[in-house]
>>> print(open('protein12.pdb').read())   # PDB, C-alpha atoms, pLDDT in the B column
MODEL        1
ATOM      1  CA  MET A   1      12.206  -0.341 -17.264  1.00 61.00           C
ATOM      2  CA  GLN A   2      12.497   2.914 -15.333  1.00 66.00           C
ATOM      3  CA  THR A   3       9.794   4.574 -17.419  1.00 76.00           C
ATOM      4  CA  VAL A   4       7.407   1.664 -16.798  1.00 76.00           C
ATOM      5  CA  LYS A   5       8.060   1.871 -13.046  1.00 75.00           C
ATOM      6  CA  HIS A   6       7.531   5.639 -13.092  1.00 73.00           C
ATOM      7  CA  TRP A   7       4.355   5.207 -15.145  1.00 77.00           C
ATOM      8  CA  PHE A   8       2.958   2.753 -12.585  1.00 76.00           C
ATOM      9  CA  SER A   9       3.845   4.969  -9.626  1.00 75.00           C
ATOM     10  CA  ASP A  10       2.507   8.167 -11.254  1.00 75.00           C
ATOM     11  CA  SER A  11      -0.559   7.030 -13.183  1.00 83.00           C
ATOM     12  CA  LEU A  12      -3.910   6.040 -11.722  1.00 84.00           C
ATOM     13  CA  ILE A  13      -4.800   4.571 -15.103  1.00 88.00           C
ATOM     14  CA  ALA A  14      -1.834   2.181 -14.983  1.00 87.00           C
ATOM     15  CA  GLN A  15      -2.689   1.151 -11.436  1.00 87.00           C
ATOM     16  CA  GLY A  16      -6.316   0.688 -12.469  1.00 89.00           C
ATOM     17  CA  LEU A  17      -5.274  -1.548 -15.367  1.00 89.00           C
ATOM     18  CA  VAL A  18      -3.255  -3.728 -13.003  1.00 88.00           C
ATOM     19  CA  VAL A  19      -6.214  -4.020 -10.619  1.00 88.00           C
ATOM     20  CA  LEU A  20      -8.538  -4.854 -13.531  1.00 90.00           C
ATOM     21  CA  VAL A  21      -6.253  -7.596 -14.847  1.00 90.00           C
ATOM     22  CA  LEU A  22      -5.777  -9.049 -11.358  1.00 88.00           C
ATOM     23  CA  GLY A  23      -9.517  -8.879 -10.675  1.00 85.00           C
ATOM     24  CA  LEU A  24     -10.306 -10.657 -13.932  1.00 86.00           C
ATOM     25  CA  GLY A  25      -7.660 -13.308 -13.264  1.00 86.00           C
ATOM     26  CA  VAL A  26      -8.857 -13.997  -9.737  1.00 83.00           C
ATOM     27  CA  GLY A  27     -12.470 -14.024 -10.918  1.00 81.00           C
ATOM     28  CA  ALA A  28     -11.593 -16.520 -13.644  1.00 82.00           C
ATOM     29  CA  LEU A  29      -9.782 -18.773 -11.161  1.00 82.00           C
ATOM     30  CA  VAL A  30     -12.394 -18.643  -8.427  1.00 78.00           C
ATOM     31  CA  ARG A  31     -15.566 -18.584 -10.518  1.00 79.00           C
ATOM     32  CA  ARG A  32     -14.827 -20.871 -13.458  1.00 80.00           C
ATOM     33  CA  ASP A  33     -18.441 -21.948 -13.853  1.00 83.00           C
ATOM     34  CA  GLU A  34     -19.859 -18.428 -14.160  1.00 82.00           C
ATOM     35  CA  ASP A  35     -20.256 -16.380 -17.295  1.00 85.00           C
ATOM     36  CA  PRO A  36     -17.153 -14.304 -18.237  1.00 83.00           C
ATOM     37  CA  GLY A  37     -19.402 -11.237 -18.254  1.00 86.00           C
ATOM     38  CA  VAL A  38     -19.755 -11.617 -14.490  1.00 83.00           C
ATOM     39  CA  TRP A  39     -15.957 -11.629 -14.156  1.00 81.00           C
ATOM     40  CA  MET A  40     -15.777  -8.433 -16.186  1.00 87.00           C
ATOM     41  CA  VAL A  41     -18.463  -6.639 -14.168  1.00 88.00           C
ATOM     42  CA  GLN A  42     -16.884  -7.665 -10.872  1.00 86.00           C
ATOM     43  CA  GLY A  43     -13.407  -6.733 -12.110  1.00 86.00           C
ATOM     44  CA  LEU A  44     -14.643  -3.314 -13.216  1.00 90.00           C
ATOM     45  CA  PHE A  45     -16.389  -2.796  -9.891  1.00 91.00           C
ATOM     46  CA  TYR A  46     -13.225  -3.660  -7.953  1.00 89.00           C
ATOM     47  CA  THR A  47     -11.205  -1.392 -10.224  1.00 92.00           C
ATOM     48  CA  VAL A  48     -13.542   1.563  -9.681  1.00 94.00           C
ATOM     49  CA  VAL A  49     -13.455   1.062  -5.906  1.00 93.00           C
ATOM     50  CA  VAL A  50      -9.646   0.785  -5.758  1.00 91.00           C
ATOM     51  CA  VAL A  51      -9.012   3.712  -8.125  1.00 92.00           C
ATOM     52  CA  GLY A  52     -11.504   5.829  -6.167  1.00 94.00           C
ATOM     53  CA  PHE A  53      -9.720   4.964  -2.927  1.00 93.00           C
ATOM     54  CA  LEU A  54      -6.320   5.787  -4.463  1.00 89.00           C
ATOM     55  CA  ALA A  55      -7.622   9.092  -5.840  1.00 90.00           C
ATOM     56  CA  VAL A  56      -8.924  10.119  -2.410  1.00 92.00           C
ATOM     57  CA  GLN A  57      -5.590   9.190  -0.813  1.00 90.00           C
ATOM     58  CA  ARG A  58      -3.686  11.180  -3.434  1.00 88.00           C
ATOM     59  CA  ARG A  59      -5.918  14.201  -2.896  1.00 90.00           C
ATOM     60  CA  ARG A  60      -5.431  14.056   0.891  1.00 91.00           C
ATOM     61  CA  THR A  61      -1.669  13.809   0.505  1.00 89.00           C
ATOM     62  CA  SER A  62      -1.666  16.663  -2.003  1.00 89.00           C
ATOM     63  CA  ARG A  63      -3.614  18.863   0.390  1.00 90.00           C
ATOM     64  CA  ALA A  64      -1.366  17.969   3.319  1.00 87.00           C
ATOM     65  CA  THR A  65       1.849  18.689   1.453  1.00 88.00           C
ATOM     66  CA  GLY A  66       0.779  21.357  -1.009  1.00 87.00           C
ATOM     67  CA  ALA A  67       2.190  19.499  -4.029  1.00 87.00           C
ATOM     68  CA  GLY A  68       0.681  17.681  -6.989  1.00 86.00           C
ATOM     69  CA  PRO A  69       0.565  13.902  -7.393  1.00 82.00           C
ATOM     70  CA  HIS A  70       3.517  13.802  -9.817  1.00 82.00           C
ATOM     71  CA  ALA A  71       5.706  15.851  -7.463  1.00 87.00           C
ATOM     72  CA  ILE A  72       4.731  13.572  -4.576  1.00 89.00           C
ATOM     73  CA  ALA A  73       5.594  10.468  -6.610  1.00 85.00           C
ATOM     74  CA  GLY A  74       9.019  11.960  -7.382  1.00 87.00           C
ATOM     75  CA  LEU A  75       9.582  12.828  -3.736  1.00 89.00           C
ATOM     76  CA  ASN A  76       8.567   9.314  -2.695  1.00 90.00           C
ATOM     77  CA  ARG A  77      11.184   7.931  -5.082  1.00 89.00           C
ATOM     78  CA  LYS A  78      13.786  10.204  -3.507  1.00 91.00           C
ATOM     79  CA  ILE A  79      12.712   9.087  -0.041  1.00 92.00           C
ATOM     80  CA  ARG A  80      13.068   5.412  -1.009  1.00 91.00           C
ATOM     81  CA  HIS A  81      16.579   6.121  -2.305  1.00 91.00           C
ATOM     82  CA  ARG A  82      17.415   8.280   0.753  1.00 91.00           C
ATOM     83  CA  GLU A  83      18.144  11.306  -1.425  1.00 92.00           C
ATOM     84  CA  VAL A  84      17.936  14.630   0.395  1.00 91.00           C
ATOM     85  CA  PRO A  85      17.139  17.498  -1.994  1.00 91.00           C
ATOM     86  CA  ARG A  86      19.386  20.556  -2.044  1.00 90.00           C
ATOM     87  CA  ASP A  87      16.626  23.024  -2.892  1.00 90.00           C
ATOM     88  CA  PRO A  88      15.163  24.489   0.350  1.00 90.00           C
ATOM     89  CA  GLU A  89      11.604  24.551  -1.036  1.00 91.00           C
ATOM     90  CA  GLU A  90      11.804  20.937  -2.171  1.00 91.00           C
ATOM     91  CA  ARG A  91      13.330  19.992   1.177  1.00 93.00           C
ATOM     92  CA  ALA A  92      10.457  21.693   3.043  1.00 92.00           C
ATOM     93  CA  LEU A  93       7.961  19.916   0.787  1.00 93.00           C
ATOM     94  CA  MET A  94       9.663  16.575   1.423  1.00 93.00           C
ATOM     95  CA  LEU A  95       9.637  17.234   5.178  1.00 93.00           C
ATOM     96  CA  ARG A  96       5.867  17.859   5.050  1.00 93.00           C
ATOM     97  CA  LEU A  97       5.444  14.630   3.056  1.00 93.00           C
ATOM     98  CA  VAL A  98       7.573  12.645   5.523  1.00 94.00           C
ATOM     99  CA  ASP A  99       5.649  14.086   8.468  1.00 94.00           C
ATOM    100  CA  ASP A 100       2.338  13.243   6.775  1.00 93.00           C
ATOM    101  CA  GLN A 101       3.409   9.670   6.058  1.00 94.00           C
ATOM    102  CA  LEU A 102       4.773   9.177   9.575  1.00 94.00           C
ATOM    103  CA  GLY A 103       1.516  10.472  11.011  1.00 93.00           C
ATOM    104  CA  LYS A 104      -0.497   8.022   8.905  1.00 92.00           C
ATOM    105  CA  ILE A 105       1.699   5.078   9.883  1.00 93.00           C
ATOM    106  CA  GLU A 106       1.637   5.988  13.574  1.00 92.00           C
ATOM    107  CA  ARG A 107      -2.151   6.517  13.577  1.00 92.00           C
ATOM    108  CA  GLY A 108      -2.603   3.194  11.800  1.00 90.00           C
ATOM    109  CA  GLY A 109      -0.353   1.530  14.352  1.00 90.00           C
ATOM    110  CA  ARG A 110      -3.006   1.960  17.030  1.00 91.00           C
ATOM    111  CA  TRP A 111      -5.332  -0.372  15.147  1.00 92.00           C
ATOM    112  CA  LEU A 112      -2.666  -2.787  13.929  1.00 92.00           C
ATOM    113  CA  PRO A 113      -2.858  -5.240  16.866  1.00 93.00           C
ATOM    114  CA  TYR A 114      -6.618  -5.487  16.431  1.00 94.00           C
ATOM    115  CA  TRP A 115      -6.363  -6.145  12.672  1.00 93.00           C
ATOM    116  CA  LEU A 116      -3.617  -8.713  13.177  1.00 92.00           C
ATOM    117  CA  GLY A 117      -5.638 -10.369  15.930  1.00 93.00           C
ATOM    118  CA  PHE A 118      -8.711 -10.428  13.699  1.00 94.00           C
ATOM    119  CA  MET A 119      -6.718 -12.070  10.909  1.00 92.00           C
ATOM    120  CA  GLY A 120      -5.404 -14.627  13.398  1.00 90.00           C
ATOM    121  CA  LEU A 121      -8.945 -15.380  14.568  1.00 93.00           C
ATOM    122  CA  VAL A 122     -10.125 -15.861  10.992  1.00 91.00           C
ATOM    123  CA  ALA A 123      -7.209 -18.188  10.270  1.00 89.00           C
ATOM    124  CA  ALA A 124      -7.806 -20.150  13.476  1.00 90.00           C
ATOM    125  CA  GLY A 125     -11.536 -20.331  12.746  1.00 90.00           C
ATOM    126  CA  LEU A 126     -10.871 -21.688   9.268  1.00 87.00           C
ATOM    127  CA  LEU A 127      -8.498 -24.269  10.735  1.00 89.00           C
ATOM    128  CA  VAL A 128     -11.184 -25.398  13.182  1.00 89.00           C
ATOM    129  CA  LEU A 129     -13.838 -25.517  10.446  1.00 88.00           C
ATOM    130  CA  GLY A 130     -11.446 -27.458   8.230  1.00 86.00           C
ATOM    131  CA  ALA A 131     -10.704 -29.950  10.979  1.00 86.00           C
ATOM    132  CA  VAL A 132     -14.412 -30.419  11.667  1.00 89.00           C
ATOM    133  CA  ASN A 133     -15.213 -30.899   7.981  1.00 87.00           C
ATOM    134  CA  GLY A 134     -12.212 -33.136   7.365  1.00 85.00           C
ATOM    135  CA  SER A 135     -10.476 -30.852   4.866  1.00 83.00           C
ATOM    136  CA  VAL A 136      -7.446 -29.352   6.569  1.00 84.00           C
ATOM    137  CA  VAL A 137      -5.253 -28.578   3.539  1.00 86.00           C
ATOM    138  CA  PHE A 138      -6.918 -25.334   2.355  1.00 84.00           C
ATOM    139  CA  PRO A 139      -7.361 -23.887   5.881  1.00 86.00           C
ATOM    140  CA  LEU A 140      -3.770 -24.764   6.714  1.00 88.00           C
ATOM    141  CA  VAL A 141      -2.501 -23.080   3.558  1.00 88.00           C
ATOM    142  CA  PHE A 142      -4.679 -20.053   4.348  1.00 87.00           C
ATOM    143  CA  ALA A 143      -3.415 -19.913   7.946  1.00 88.00           C
ATOM    144  CA  VAL A 144       0.221 -20.088   6.830  1.00 91.00           C
ATOM    145  CA  GLY A 145      -0.498 -17.405   4.215  1.00 91.00           C
ATOM    146  CA  ALA A 146      -2.210 -15.202   6.823  1.00 91.00           C
ATOM    147  CA  VAL A 147       0.734 -15.537   9.217  1.00 90.00           C
ATOM    148  CA  ALA A 148       3.184 -14.760   6.404  1.00 94.00           C
ATOM    149  CA  PHE A 149       1.078 -11.745   5.376  1.00 93.00           C
ATOM    150  CA  CYS A 150       0.966 -10.441   8.966  1.00 92.00           C
ATOM    151  CA  LEU A 151       4.730 -10.826   9.325  1.00 94.00           C
ATOM    152  CA  TRP A 152       5.237  -9.043   6.001  1.00 95.00           C
ATOM    153  CA  ILE A 153       3.012  -6.164   7.173  1.00 94.00           C
ATOM    154  CA  LEU A 154       5.016  -5.815  10.386  1.00 94.00           C
ATOM    155  CA  TRP A 155       8.333  -5.941   8.499  1.00 96.00           C
ATOM    156  CA  MET A 156       7.206  -3.347   5.928  1.00 96.00           C
ATOM    157  CA  ARG A 157       5.864  -1.055   8.663  1.00 96.00           C
ATOM    158  CA  ARG A 158       9.136  -1.254  10.615  1.00 96.00           C
ATOM    159  CA  ARG A 159      11.149  -0.645   7.457  1.00 96.00           C
ATOM    160  CA  ALA A 160       8.998   2.347   6.459  1.00 95.00           C
ATOM    161  CA  LEU A 161       9.250   3.851   9.947  1.00 96.00           C
ATOM    162  CA  GLU A 162      13.037   3.502   9.946  1.00 96.00           C
ATOM    163  CA  LEU A 163      13.291   5.090   6.502  1.00 96.00           C
ATOM    164  CA  LEU A 164      10.948   7.970   7.325  1.00 96.00           C
ATOM    165  CA  HIS A 165      12.636   8.702  10.676  1.00 96.00           C
ATOM    166  CA  HIS A 166      16.014   8.700   8.920  1.00 95.00           C
ATOM    167  CA  MET A 167      14.714  11.094   6.255  1.00 95.00           C
ATOM    168  CA  ARG A 168      13.126  13.375   8.853  1.00 95.00           C
ATOM    169  CA  SER A 169      16.372  13.681  10.765  1.00 94.00           C
ATOM    170  CA  ALA A 170      18.385  14.162   7.549  1.00 92.00           C
ATOM    171  CA  LEU A 171      16.015  16.878   6.331  1.00 91.00           C
ATOM    172  CA  ARG A 172      16.059  18.725   9.653  1.00 89.00           C
ATOM    173  CA  GLU A 173      19.811  18.346   9.974  1.00 85.00           C
ATOM    174  CA  ARG A 174      20.538  19.953   6.613  1.00 67.00           C
ATOM    175  CA  GLY A 175      17.679  22.450   6.837  1.00 58.00           C
TER     176      GLY A 175
ENDMDL
END
>>> encode(input="protein12.pdb", output="structure tokens")
Amino acid sequence: MQTVKHWFSDSLIAQGLVVLVLGLGVGALVRRDEDPGVWMVQGLFYTVVVVGFLAVQRRRTSRATGAGPHAIAGLNRKIRHREVPRDPEERALMLRLVDDQLGKIERGGRWLPYWLGFMGLVAAGLLVLGAVNGSVVFPLVFAVGAVAFCLWILWMRRRALELLHHMRSALRERG
């Protein structure tokens, strides 16, 4: 199981395969009446967009830290397990990675209230449209899902900030 988890965290191909399968599955559920070729084209398009986005993010992180994608994936695993490396070079690399990730989370935090508010407006708008049209079940399920998703985002952000601040202080303390 560990090798599968490492393969998914290290490999863009594995992540692309997951996106492709999910895209095909969602396309098949949502567009049952359309030709399966349309599902495949849309799934491939989504896969190319997501893999391109991930590749750009990996390149930016590699430039910011000075390490390759596989080294960054290994350091991210160590960060999740709160392992502080003993090697001074690896510790300096991990500190650059932690600082980069904290910077991204803090910069993204400026826009977070606006995104959460936008999602709330969409959910409220769907509830109103559902009430007007007489079909409240789907908009209500969507609204509950949107609220749950927003709460999950806030929880994950808080958890990541706590972990990264802990790692930053542990790396500076031992460095």
>>> residues_around(input="protein12.pdb", residues="region 64-69 of chain A", least_positions_apart="2", cutoff="12 Å", atoms="all atoms listed in the file", output="PyMOL selection string")
chain A and resi 9-12+54-62+71-76+89-101+103-104
>>> resolve_selection(input="protein12.pdb", expression="the PyMOL selection byres ((chain A and resi 157) around 12)", output="compact mmCIF listing (two decimals) with C-alpha atoms, in the frame of the given file")
# COMPACT_ATOMS: atom_id res chain seq x y z
CA GLN A 101 3.41 9.67 6.06
CA LEU A 102 4.77 9.18 9.57
CA LYS A 104 -0.50 8.02 8.90
CA ILE A 105 1.70 5.08 9.88
CA GLU A 106 1.64 5.99 13.57
CA GLY A 108 -2.60 3.19 11.80
CA GLY A 109 -0.35 1.53 14.35
CA LEU A 112 -2.67 -2.79 13.93
CA CYS A 150 0.97 -10.44 8.97
CA LEU A 151 4.73 -10.83 9.32
CA TRP A 152 5.24 -9.04 6.00
CA ILE A 153 3.01 -6.16 7.17
CA LEU A 154 5.02 -5.82 10.39
CA TRP A 155 8.33 -5.94 8.50
CA MET A 156 7.21 -3.35 5.93
CA ARG A 158 9.14 -1.25 10.62
CA ARG A 159 11.15 -0.64 7.46
CA ALA A 160 9.00 2.35 6.46
CA LEU A 161 9.25 3.85 9.95
CA GLU A 162 13.04 3.50 9.95
CA LEU A 163 13.29 5.09 6.50
CA LEU A 164 10.95 7.97 7.32
>>> residues_around(input="protein12.pdb", residues="region 117-130 of chain A", least_positions_apart="3", cutoff="9 Å", atoms="all atoms listed in the file", output="list in words")
Leu112, Pro113, Tyr114, Asn133, Gly134, Ser135, Val136, Val137, Phe138, Pro139, Leu140, Phe142, Ala143, Val144, Ala146, Val147 and Cys150 of chain A
>>> atom_distance(input="protein12.pdb", atom1="CA of Lys5 (chain A)", atom2="CA of Val50 (chain A)")
19.2 Å
>>> atom_distance(input="protein12.pdb", atom1="CA of Val38 (chain A)", atom2="CA of Val19 (chain A)")
16.0 Å
>>> atom_distance(input="protein12.pdb", atom1="CA of Val48 (chain A)", atom2="CA of Ile13 (chain A)")
10.7 Å
>>> axis_aligned_box(input="protein12.pdb", around="region 13-23 of chain A", padding_each_side="5 Å", output="AutoDock Vina command-line options")
--center_x -5.7 --center_y -2.2 --center_z -13.0 --size_x 17.7 --size_y 23.6 --size_z 14.7
>>> closest_residue(input="protein12.pdb", among="A:Trp39, A:His166, A:Val26, A:Thr47", to="Arg80 (chain A)", atoms="only C-alpha atoms")
A:His166
